[in-house]
Amino acid sequence: MARETLDPAAPAQPEHIGAEAEVSASPFAPRRHKRGSWTRALVAFPVLVVMLFGSVVLAEAFSSVFIEPIVTAQVLLNATGLFDFPRTWPVTDEIILLTLRLPSVLGAVLVGAALGIAGAMLQGLLRNPLADPFLLGTSSGAALGASAAFLLPAVFTASLLGFSLLAGFAFLGALLAAALVYALATSRGRTPVVSLLLAGVAVSALLSALQTLIIIFNDRQGFQIRVLYLWLAGGVRVGSWAQVWVVAALVALGLLGALLLAPSLDVFALGEEMAAHLGLAVERRKVAVVALSALLVAGAVAISGLVGFVGLVVPHVFRILLGPRHRLLIPASALGGAIFVTLADLLARTAVAPAVLPLGALTALVGGPFFLALLRAAGRRYQW
Amino acid sequence: MTNPALEFDSVSFAYHRARALEGVSFHVAPGEMVGLLGPNGAGKSTILKLAAGTLRPQAGRVCLLGDEASRLPRREAARRVAVVPQEFTVQFPYTVRQIVEMGRTPRLNLLGALDAGDHAVVDSALATTNITHLADRVLNELSGGERQRVLLALALAQEGHMLLLDEPTAHLDIRWQIETLELLRRLNAERGLTILAALHDLNLAARYFSRLILLNKRVVADGPPSRALERELLGAVYGAAVTVGVLGGEEHLSVLPPGHTWKGASTSVDGASPPPQVHALAGGGTGALALRALADAGIPFSAGPLNVGDSDYALAERLAVSCIVEPPYAPLSEAGLATAGAAMRAAGTVLICPIPLGAGNAGLLDAALAAAQSGARLILLEPEMGDASDRETLLTRVGTRDYSGRGPDLYRALLDAGAQVATSPTRAIDLLMSAGRASS
């Protein structure tokens with residue numbers, strides 16, 4: 001007898017009706033096509049690059065001496081060697097733009113990129129949307145380092161590679177704090193994410209207490225608390241090209257490492273156990289992520305003090321726009337952080353000129369409402 | 001001789017001070033499907049972790065295809081075994097496809113880019129687990145059963161030779177439990193995938209696994225369900241008295257806590273069977289899913305006529321309360337037809353699987369129609385048909401398996417007589433469960 005060739009074990013298909021319904025999904029439904037986020041990235045990255053250039057032009061143009069943005073853009077483009085606009089501006093403008101201002105503006109770009117990359121990496125590793133680059137004790141470590149520098153007689157005179165003693169100590173403080181946190185959180189060769197978070201909080205509290213003690217017990221010897229606080233409150237201070245190159249090297253290293261770690265960070269989102277089952281050497285990746293982000297943060301701290309909020313918020317913005325995958329998220333956060341800090345630094349310098357606002361306060365002041373608005377607009381799409 | 005897929009050789013393991021396993025030895029051959037049973041703390045999950053190589057035994061050896069599991073590089077271990085955890089949460093809004101793509105992790109190079117071949121594997125894993133239509137959804141919006149399938153797809157994308165599952169049905173309702181286990185069985189049968197699963201449901205274990213290992217820190221029993229599920233063993237291991245018996249067929253063991261009687265009606269091991277509530281018309285494998293679904297839902301049913309040797313016959317013999325039998329390859333007899341008609345009227349509900357419609361089966365549908373006219377309820381099982389309400393699609397599909405020339409007409413008459421259409425066995429069960437509120 002002829003037989004219908006039905007697969008006897010064909011699975012039931014209770015989802016079929018749902019599949020039909022999904023075609024007419026709500027506007028909040030995630031994008032349909034599987035390469036949707038890549039197509040959006042193709043648009044997003046050129047836009048981000050143009051925006052970054054625009055931010056740099058504005059930051060260069062507006063300062064104690066105003067220079068036309070058009071002129072500024074032409075000078076900057078000429079300086080890349082790729083363009084050759086005829087010079088219609090005085091040589092002094094070119095000197096102001098390229099020699100006096102550019103290191104500071106590039107410093108802001110680098111600080112933002114470093115914090116954006118570190119924030120995206122740490123949020124991914126710690127599986128915690130509240131993680132920020134300063135979570136692993138780096139901020140209080142940097143603050144303690146900077147305070148300790150004030151105990152030394154040479155604080156305002158000594159320098160290395162263009163960095164002041166203050167910056168150097170802050171850099172070392174951040175790195176040592178992260179190393180301490182990692183060491184404390186590790187036992188039996190494992191570093192659970194929760195231990196890392198808790199050790200970060202505990203070490204931060206401890207180092208802050210030490211910093212307070214240093215300040216209090218040195219008050220009578222003319223300890224310059226105000227200078228210290230102004231330094232810590234954030235503001236890009238780049239005195240030389242050497243500093244720019246050092247930090248740029250750190251950021252380049254961090255970005256390259258972060259891109260290589262990006263697929264692993266995606267897998268970490270499934271939990272450490274699954275990451276191990278999918279073939280990752282979990283602990284080794286974790287050390288790499290923590291070390292790279294500590295380097296990035298320390299580099300940023302050395303030229304800008306503590307600029308909060310950037311590393312927390314920028315990765316969220318791009319997760320909403322481009323999805324959670326780290327291969328897009330990390331470079332986007334680097335560009336976005338750079339744009340954000342460059343503009344915030346511009347605002348800090350010009351809003352109440354000639355006075356300068358602390359950059360760290362400004363990033364929170366401007367970034368907070370923007371982020372909340374974006375979160376509300378994204379609605380259900382950004383819940384998990 | 002080839003290496004066993006998995007080999008435990010006198011393995012002991014303790015967490016800090018707490019002893020978890022002691023002197024456990026067993027082999028799993030390639031292509032086997034083995035269930036691990038035992039109470040909480042018996043060491044089921046520990047065995048899975050040792051097999052995956054994420055734990056290292058304190059004594060003894062655990063080998064994957066001949067190599068010690070915990071000494072394999074993680075990447076290599078992940079190419080050999082895929083682990084399906086009980087549950088998982090995903091931080092950040094990854095889509096289903098993005099998650100399944102992560103299954104390729106152990107096979108990607110340093111840059112981690114997927115090529116066309118990787119995408120094909122991912123597509124196939126999505127299709128096999130029946131979640132292609134969910135590919136662009138965010139994982140955490142999905143139901144428990146759908147999430148379970150994503151986990152399975154993720155594991156399939158790894159292309160290991162072995163699947164380790166930790167209580168794959170723990171958080172699922174009966175529909176998803178059945179579908180998950182059917183899927184595992186199919187993967188095992190069609191792809192030769194070796195399967196080792198920790199299970200908590202003894203009945204499902206007995207039904208879907210041909211070999212069970214009963215654990216209580218050591219191996220208590222290892223063999224077919226009838227051996228592993230002996231009453232004394234279970235009582236000793238679980239510390240609770242249980243009844244082990246046969247529900248509607250010789251090979252179908254069921255385990256119940258004391259004080260319970262078998263579902264449906266009367267009886268224990270040697271008592272009379274409950275009266276069937278459904279009569280199933282199946283054959284040629286068309287009823288495989290439906291008959292198991294009926295048994296799993298605890299609905300007593302009769303089936304037939306079925307030819308000895310038919311794949312549905314073997315199943316009905318095990319699961320059905322009674323089965324009308326015809327000799328191998330014989331045409332449908334008058335007596336068989338009459339008995340079937342009586343069985344349909346007695347059960348009050350007829351479940352018609354998508355049987356091929358030769359002259360004999362057309363006669364059966366005549367009988368079903370007659371039963372319907374005397375009050376019986378009809379359910380037409382028609383899988384692989386998207387929209388249940390579309391009569392024309394149904395009739396077209398019937399036409400493709402009609403060799404009597406009467407198929408579409410018969411189905412039209414059955415529909416006119418109030419027959420309901422179920423697009424999957426689980427829908428059919430839903431319809432049966434909602435009995436009484438029928439055919440409005």
# chains A, B, ... in the order shown; residues from 1 in each chain; ligands from 1
>>> select_by_dssp(residues="stretch 132-314 of chain A", states="helix (DSSP H, G or I)", output="number ranges by chain")
A: 133-136, 138-149, 165-185, 193-217, 219-221, 225-232, 241-268, 272-277, 282-304, 310-314
>>> write_last_selection(atoms="C-alpha atoms", output="CSV table (one decimal), in the first residue's frame")
chain,number,residue,atom,x,y,z
A,133,PRO,CA,34.8,52.2,34.3
A,134,PHE,CA,35.5,53.5,37.8
A,135,LEU,CA,33.9,50.5,39.4
A,136,LEU,CA,37.0,48.5,39.9
A,138,THR,CA,40.2,53.0,39.7
A,139,SER,CA,38.7,56.4,40.6
A,140,SER,CA,39.5,56.2,44.3
A,141,GLY,CA,42.9,54.7,43.5
A,142,ALA,CA,43.6,57.6,41.2
A,143,ALA,CA,42.4,60.1,43.8
A,144,LEU,CA,44.5,58.6,46.5
A,145,GLY,CA,47.5,58.6,44.1
A,146,ALA,CA,47.0,62.2,43.3
A,147,SER,CA,46.6,63.1,47.0
A,148,ALA,CA,49.8,61.2,47.8
A,149,ALA,CA,51.6,63.2,45.2
A,165,LEU,CA,53.9,63.9,39.2
A,166,LEU,CA,50.2,64.3,40.0
A,167,ALA,CA,49.2,62.7,36.8
A,168,GLY,CA,51.7,59.9,37.2
A,169,PHE,CA,50.6,59.1,40.7
A,170,ALA,CA,47.0,59.1,39.6
A,171,PHE,CA,47.8,56.8,36.8
A,172,LEU,CA,49.6,54.4,39.1
A,173,GLY,CA,46.9,54.7,41.8
A,174,ALA,CA,44.2,53.6,39.3
A,175,LEU,CA,46.2,50.7,38.0
A,176,LEU,CA,47.2,49.5,41.5
A,177,ALA,CA,43.7,49.8,42.8
A,178,ALA,CA,42.4,47.6,39.9
A,179,ALA,CA,45.1,45.1,40.6
A,180,LEU,CA,44.2,45.0,44.3
A,181,VAL,CA,40.5,44.6,43.5
A,182,TYR,CA,41.3,41.7,41.2
A,183,ALA,CA,43.6,40.0,43.6
A,184,LEU,CA,41.1,40.3,46.5
A,185,ALA,CA,38.3,38.9,44.4
A,193,VAL,CA,32.0,38.5,38.9
A,194,VAL,CA,30.1,39.2,42.1
A,195,SER,CA,33.4,39.1,44.1
A,196,LEU,CA,34.8,41.5,41.6
A,197,LEU,CA,32.0,43.9,42.1
A,198,LEU,CA,32.1,43.7,45.9
A,199,ALA,CA,35.8,43.9,46.1
A,200,GLY,CA,35.6,47.0,43.9
A,201,VAL,CA,33.1,48.7,46.2
A,202,ALA,CA,35.1,47.7,49.3
A,203,VAL,CA,38.5,48.8,48.0
A,204,SER,CA,36.9,52.1,46.7
A,205,ALA,CA,35.7,52.8,50.2
A,206,LEU,CA,39.0,51.9,51.8
A,207,LEU,CA,41.0,54.1,49.4
A,208,SER,CA,38.7,57.0,49.8
A,209,ALA,CA,39.1,56.8,53.6
A,210,LEU,CA,42.8,56.8,53.2
A,211,GLN,CA,42.6,59.8,51.0
A,212,THR,CA,40.5,61.6,53.5
A,213,LEU,CA,43.1,60.8,56.2
A,214,ILE,CA,45.9,62.1,54.1
A,215,ILE,CA,44.1,65.4,53.4
A,216,ILE,CA,43.1,65.9,57.0
A,217,PHE,CA,46.4,65.2,58.6
A,219,ASP,CA,46.0,70.3,56.3
A,220,ARG,CA,48.3,72.4,58.5
A,221,GLN,CA,51.3,72.1,56.2
A,225,ILE,CA,43.0,70.9,48.9
A,226,ARG,CA,41.4,73.2,46.4
A,227,VAL,CA,44.0,72.4,43.8
A,228,LEU,CA,43.6,68.7,44.4
A,229,TYR,CA,39.8,68.8,44.2
A,230,LEU,CA,39.9,70.9,41.1
A,231,TRP,CA,42.2,68.4,39.5
A,232,LEU,CA,40.1,65.5,40.5
A,241,TRP,CA,52.2,66.5,22.5
A,242,ALA,CA,54.1,63.8,24.4
A,243,GLN,CA,51.2,63.3,26.7
A,244,VAL,CA,48.8,63.0,23.7
A,245,TRP,CA,51.0,60.4,22.1
A,246,VAL,CA,51.3,58.3,25.3
A,247,VAL,CA,47.5,58.3,25.9
A,248,ALA,CA,46.8,57.7,22.2
A,249,ALA,CA,49.1,54.7,22.4
A,250,LEU,CA,47.2,53.4,25.4
A,251,VAL,CA,43.8,54.0,23.7
A,252,ALA,CA,45.0,52.3,20.5
A,253,LEU,CA,46.1,49.3,22.5
A,254,GLY,CA,42.9,49.2,24.4
A,255,LEU,CA,40.7,49.5,21.3
A,256,LEU,CA,42.6,46.7,19.5
A,257,GLY,CA,42.4,44.4,22.5
A,258,ALA,CA,38.8,45.2,23.1
A,259,LEU,CA,37.9,44.4,19.5
A,260,LEU,CA,39.7,41.1,19.8
A,261,LEU,CA,37.8,40.4,23.0
A,262,ALA,CA,34.5,41.5,21.6
A,263,PRO,CA,33.1,38.0,20.6
A,264,SER,CA,34.1,36.7,24.1
A,265,LEU,CA,32.3,39.5,25.8
A,266,ASP,CA,29.1,38.6,23.8
A,267,VAL,CA,29.5,35.0,25.1
A,268,PHE,CA,30.0,36.3,28.7
A,272,GLU,CA,30.4,32.4,32.9
A,273,GLU,CA,29.4,28.8,33.0
A,274,MET,CA,28.0,28.9,29.5
A,275,ALA,CA,31.1,30.8,28.3
A,276,ALA,CA,33.2,27.9,29.6
A,277,HIS,CA,31.0,25.4,27.9
A,282,VAL,CA,37.0,32.3,31.1
A,283,GLU,CA,39.5,33.4,33.7
A,284,ARG,CA,42.2,34.4,31.2
A,285,ARG,CA,39.7,36.5,29.2
A,286,LYS,CA,38.6,38.1,32.4
A,287,VAL,CA,42.1,39.2,33.4
A,288,ALA,CA,42.6,40.6,29.9
A,289,VAL,CA,39.4,42.6,30.1
A,290,VAL,CA,40.1,44.0,33.5
A,291,ALA,CA,43.7,44.8,32.7
A,292,LEU,CA,42.8,46.6,29.4
A,293,SER,CA,40.1,48.7,31.0
A,294,ALA,CA,42.3,49.6,33.9
A,295,LEU,CA,44.9,50.8,31.5
A,296,LEU,CA,42.4,52.8,29.5
A,297,VAL,CA,40.9,54.4,32.6
A,298,ALA,CA,44.3,55.1,34.1
A,299,GLY,CA,45.4,56.8,30.9
A,300,ALA,CA,42.2,58.9,30.9
A,301,VAL,CA,42.6,59.8,34.5
A,302,ALA,CA,46.2,61.0,34.0
A,303,ILE,CA,45.1,63.8,31.6
A,304,SER,CA,41.6,64.6,32.9
A,310,VAL,CA,30.6,58.9,30.1
A,311,GLY,CA,31.6,55.3,30.5
A,312,LEU,CA,28.3,54.4,32.1
A,313,VAL,CA,26.0,56.0,29.6
A,314,VAL,CA,27.7,56.0,26.2
>>> residues_around(residues="A:Leu321", least_positions_apart="4", cutoff="10 Å", atoms="only C-alpha atoms", output="list in words")
Ser37, Arg40, Ala41, Ala44, Pro315, His316, Val317, Leu329, Ala332, Leu374, Ala378 and Tyr382 of chain A
>>> atom_distance(atom1="atom CA of A:Leu343", atom2="atom CA of A:Gln74")
19.5 Å
>>> closest_residue(among="A:Arg319, A:Arg101, A:Arg87, A:Arg190", to="chain B", atoms="only C-alpha atoms")
A:Arg319
>>> residues_around(residues="B:Met344", least_positions_apart="6", cutoff="9 Å", atoms="only C-alpha atoms", output="list in words")
Val278, His279, Ala280, Ser302, Val350, Ala367, Ala368, Ala371, Ala372 and Ala376 of chain B
>>> atom_distance(atom1="atom CA of B:Ala135", atom2="atom CA of B:Arg149")
11.4 Å
>>> closest_residue(among="B:Asn216, B:Ser25, B:Asn361, B:Ser12", to="chain A", atoms="only C-alpha atoms")
B:Asn361
